Structures are given as C-alpha cells and as structure tokens.
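Participant: Let me give you the structure first, and then I'll get to my questions.
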Amino acid sequence: MARDRNTVSPINPWPKVAWALVAGVAVISIGLGFGVLSRYQQNDPTLDLWSAICRGLGLNADIAPAKESEPALRTPSRIAWTTHTLDQVSAGDVRHGSFIAMNCVACHGQNGLSKSTVAPTLAGMDAAAIFKQLDDFRFGKRTSGVMEAIAKTLSVRDSADVAAYLAAQKDRLPPLPPARIPESGHGPRESDPAKRLVYAGDPRRGIAPCSSCHGPGGYKLGAPALHGQQAAYIERQLASFAQGLRQNDIFEQMRVIARQLTTDEMQALAAFYAGALQSPPTTHAGAHEDAP
Amino acid sequence: MAEIDTKSPSPPLPDGIIPEEAITRAENRWLAIMLGMLGVMIAVIVVTGVSNSLHPPSNVETIDPVTLHLGGEFAENNLGTAVDPDASVTVRLIAEQYAFVPDCTRIPVGAPVKFRLTSTDVIHGFLLPATNVNTMVVPGFIAEVRTTFSRPGVYNMPCNEFCGYGHHGMSARVEVVPSEQFPPQDAAERTSCAKQ
Ligand SMILES: [Cu+2]
C-alpha cells in the first residue's frame with residue numbers, strides 16, 4: 001500500500017529521470033548520427049563540419065563532388081525522358097503526321113509497313129521510340145546517311161506528329177500470332193536459344209530477358225516492340241550495338257546486352273521476332289484462339 | 001499486541017497468494033536477464049559493425065535520375081574505375097533495369113576503393129559477397145560505399161533488390177587484380193572489363 005501511494009506522489013523523481021534519460025539518448029544519438037558520423041565516417045576530408053552535417057541531414061550545402069579531371073563528354077542521345085519530352089511526344093497531331101508520313105512510304109512502306117529488309121517497319125511502334133530515334137538521327141547520335149538527312153528536314157513538332165501517326169497504325173499490322181502472348185514454361189532450361197533469351201534471358205552472362213523491355217510482359221520507355229520487325233534489320237541493329245557502331249541507347253541499355261550475344265544468337269533472335277509475324281506457328285494457334 | 005504485530009513476520013497469506021517481496025525479487029531477476037540480453041545483442045551489432053566496417057551511409061547527395069547521360073558525374077564515359085592522385089580508386093556505376101553499367105569492373109588489390117552508384121529507374125541492390133559492400137541504390141540519390149580488397153579474385157554482384165520482370169538477369173562482376181595487371185592510368189582515364 002505504502003509503495004502504491006509513493007508512485008503517484010508528485011515528489012517521485014523517477015518519471016523526470018526517465019525523461020531526462022530519453023532526452024539524453026536522443027541528443028547523443030543525433031550528435032553521433034549527424035555530427036560525428038557525417039564528419040568522420042567517410043566522404044571528403046575537405047568537408048567542414050557544417051557541410052558534413054548538412055550532407056548527413058540531406059540538406060546538400062555542397063552538392064558538387066570533389067572536382068577532378070573527367071574524360072571528354074559523349075552523350076548517347078540528347079533525349080532524356082523528362083516530363084517535358086513526354087509532353088512533346090504526347091502533343092503529336094495524327095492528322096498532320098499523316099501528311100508528313102507520305103514522305104516515308106518509299107522506304108518504310110505504306111502506313112509504315114515495310115517490305116524492305118533495309119528499312120524497318122514503323123507501324124505500331126511506340127511514339128516515344130520513333131520521336132527519340134528521329135532526334136538521334138537529326139543530331140548525328142545515330143548514323144544513317146538517308147535518315148540523318150530526312151530527320152534534319154523535320155522539326156520537333158513534325159517528329160512528334162509523324163510519330164503519333166505511325167504509332168496509331170498498330171491495327172494495320174497483320175494480326176500477330178499467339179507467340180506474342182507470354183507463354184508459360186519458357187525457363188532457363190528451354191532448348192530453343194531464341195526463346196530462352198526472349199523469355200528467360202541468361203543470368204550467368206547478365207542478360208535480362210528481351211521480353212522484360214520489349215514485351216510481351218514488360219515494356220521499357222523507348223524500347224520498340226520487336227514483333228513483326230524485319231529480321232535482317234533486327235540482326236543488323238544487334239550487331240551494331242555489339243560493335244559500338246550504334247551508341248544512341250540511353251545508359252547503354254542495349255549495348256550491355258548485345259555485347260554478350262553470339263552471332264548465332266543474334267540470328268536466332270531476329271528470326272524469332274520476325275517469324276512472329278511472317279509464319280504463324282499454326283500448331284499453337286488452336287490453343288490460343290480465344291485468348292484476347 | 002499492536003507493537004508485536006508490526007515486528008513479527010506478516011501473518012501467513014491465504015494459499016495461492018505470493019508475498020510482494022518474492023514478486024519484486026523475481027521481477028528484478030528477469031529485468032536483469034532482459035537487460036543482459038539486450039546488452040549482448042547491441043554489443044553483437046556494434047562489434048560486427050565496427051570490426052567488419054559495415055557503415056551506415058551518412059551521406060545524402062541527390063541527382064536527377066533521368067538526365068544522368070546528358071552530363072555530369074554519371075555520364076557514359078565517366079563510368080568505370082578512376083585512379084585518384086593519392087592512388088585510391090573511385091568506381092562509378094549506374095544501376096538500371098536490368099543491368100549494372102559497366103557490367104564488369106576492374107580494381108587493383110589493396111587500394112582504397114570508393115564506389116559511387118546511382119539508379120536510373122527503381123531501387124536496386126549492390127552487394128559483393130564476403131565483403132562489407134552492401135547498399136541500396138535509390139533513384140535520385142548517390143550511394144557511396146568504401147572498402148579495400150585484400151585478395152585478388154572475382155566477385156559477382158547480383159542485384160539483390162527485386163527490381164522488376166528482368167531482375168534475375170541483372171548481375172555484374174568485380175575483378176580484383178594484382179596491381180601489376182592494373183596499368184597506371186591518366187587521371188581522366190576510366191577502365192572497366194566490360195566487353196567493348
Ligand atoms: Cu536491379
């Protein structure tokens with residue numbers, strides 16, 4: 001009884017002691033975490049205490065890393081996927097684009113459906129991808145005698161318009177066979193090398209599945225869908241990425257992968273994607289007929 | 001009678017009721033055990049952290065993840081291993097869906113190494129097995145880890161933070177080579193063992 005009365009009496013010092021302890025621990029931790037740690041753990045010895053604390057807190061007093069000599073800058077592309085760029089792409093006007101696209105028919109085919117092995121099919125390609133390639137051609141980031149000249153005649157608005165028009169021609173692509181639908185059962189032990197790379201990649205060589213960026217399954221902004229593309233064109237692009245003849249992919253997304261591929265694999269992959277359009281594997285057709 | 005009562009031990013309590021003193025003693029014993037366990041656990045964390053130099057990052061540097069390639073520290077040709085004037089090396093890497101760039105990094109053995117990484121899209125994980133290198137790579141921030149490799153060898157660095165459909169294909173290598181195999185290089189030169 002006596003004890004119970006004591007705990008509630010105002011002269012009990014323990015609550016005060018407890019609060020003081022908690023406050024002390026908080027002050028010491030803050031000092032250690034943001035002061036001592038920021039100052040002594042790592043980072044540049046040139047940082048004075050105040051900037052170190054600011055960095056620890058995320059209040060970048062000095063964002064610039066220590067100045068050192070850097071190699072000459074080479075930008076793979078002028079395009080960055082900022083909201084400004086995406087707004088430019090989405091402002092594309094399909095009607096105006098259809099007029100511009102008349103200039104492309106000679107090589108890229110009616111409605112962007114190419115019959116030539118040299119020029120790629122553009123119908124149904126993501127507008128952002130077309131817009132980026134045109135900008136890269138225009139500024140020589142991707143080399144091609146004809147396309148560099150043609151892209152120079154197009155303004156940014158024109159590129160967005162023609163990209164919007166070509167992207168809208170998706171329905172003109174012949175119906176894609178079921179190979180487009182992600183099929184289950186394509187794992188790292190798949191015997192067909194093309195299917196293995198497309199659906200499973202090759203983790204030992206650091207190759208992510210093509211389908212994680214080019215679909216079906218995953219799409220990465222700026223990565224064109226490859227189904228139905230000309231086989232010769234795909235193969236040539238893979239070889240150009242691997243040899244560094246084409247270097248306009250942002251963050252080396254494709255070069256990192258293409259360098260790991262053998263020429264046989266490039267051929268098999270090109271045939272796989274092109275075959276997806278040209279020779280529907282009739283054996284699968286029945287099984288997937290009712291798939292959306 | 002009253003006097004005797006206060007001095008004598010309290011009258012036996014009814015069955016099943018434990019005297020207050022006994023409860024206090026038991027409580028104090030358990031309190032000591034509990035504090036001891038907490039102390040051991042904190043000591044284990046502190047000792048392993050300090051002895052293996054597993055630092056929590058104390059550095060917050062921000063960067064725009066979508067414009068890395070347009071210039072600055074993480075521009076394409078500034079990636080890879082740079083040798084600083086004091087013979088320490090700085091390795092700059094980009095982690096993106098679904099690759100590290102460059103995908104193979106060469107580092108001389110014994111040199112103090114500073115890894116600086118950033119992500120272009122989602123959170124990735126950078127871990128070198130059997131070393132103190134293990135950090136998350138968060139878009140918008142620069143992750144910095146320091147280490148020294150004492151033995152030559154090849155370390156595989158799989159991305160250890162699920163980052164999407166192609167995550168399992170995301171891995172790269174660090175090759176730690178004897179210093180004879182690491183030719184001296186210019187301050188503006190960058191090396192890697194990625195296929196060119
Ligand atoms: Cu990842």
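The way I read the labels, and the way they are meant: chains A, B, ... in the order of the structure tokens, residue 1 as the first residue of every chain, and ligand 1 as the first ligand shown, with later ones counted on from there.
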Would you pick out the contacts of range 264-268 of chain A at 7 Å or less, using only C-alpha atoms, so that residues sharing its chain but fewer than 3 positions from it are not included, and give the list as a PyMOL selection string?
Facilitator: chain A and resi 193-194+235+238+261+271-272
Participant: Restrict the distance test to only C-alpha atoms, flag each residue of chain A within 6 Å of chain B, and return the flagged residues as a PyMOL selection string.
Facilitator: chain A and resi 38+55-56+58+69-71+75+80+203+206-209+212
Participant: Give the alpha helix (DSSP H) residues of range 35-241 of chain A, as assigned by DSSP on the backbone, as a PyMOL selection string.
Facilitator: chain A and resi 37-40+49-57+83-90+94-100+105-108+127-138+145-152+156-167+193-199+211-214+231-241
Participant: Per DSSP on the backbone, filter range 7-129 of chain B down to the residues in strand (DSSP E or B) and report them as a PyMOL selection string.
Facilitator: chain B and resi 62+80-83+89-96+99-101+104-108+112-119+124-127
Participant: Skipping near chain neighbours, those fewer than 5 positions away, what residues fall within 9 Å of Ala91 in chain A using only C-alpha atoms, listed as a list in words?
Facilitator: Leu86, Arg157, Ala160, Asp161 and Ala164 of chain A
Participant: Quick one: residues within 8 Å of Cys213 in chain A, only C-alpha atoms counted, chain neighbours fewer than 6 positions away excluded, as a list of chain:residue names?
Facilitator: A:Tyr219, A:Lys220, A:Ala223
Participant: Could those residues be written to a file, using N, CA, C and O atoms, as a PDB file, in the first residue's frame?
Facilitator:
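File out.pdb, as written:
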ATOM      1  N   TYR A 219       7.523  -3.508 -70.549  1.00  0.00           N
ATOM      2  CA  TYR A 219       7.898  -2.516 -71.552  1.00  0.00           C
ATOM      3  C   TYR A 219       8.735  -1.442 -70.900  1.00  0.00           C
ATOM      4  O   TYR A 219       8.432  -0.983 -69.809  1.00  0.00           O
ATOM      5  N   LYS A 220       9.793  -1.081 -71.569  1.00  0.00           N
ATOM      6  CA  LYS A 220      10.655  -0.024 -71.060  1.00  0.00           C
ATOM      7  C   LYS A 220      10.483   1.144 -72.018  1.00  0.00           C
ATOM      8  O   LYS A 220      10.496   0.949 -73.243  1.00  0.00           O
ATOM      9  N   ALA A 223      11.906   1.520 -75.733  1.00  0.00           N
ATOM     10  CA  ALA A 223      12.264   0.234 -76.341  1.00  0.00           C
ATOM     11  C   ALA A 223      11.152  -0.167 -77.295  1.00  0.00           C
ATOM     12  O   ALA A 223      10.036  -0.405 -76.868  1.00  0.00           O
TER      13      ALA A 223
END
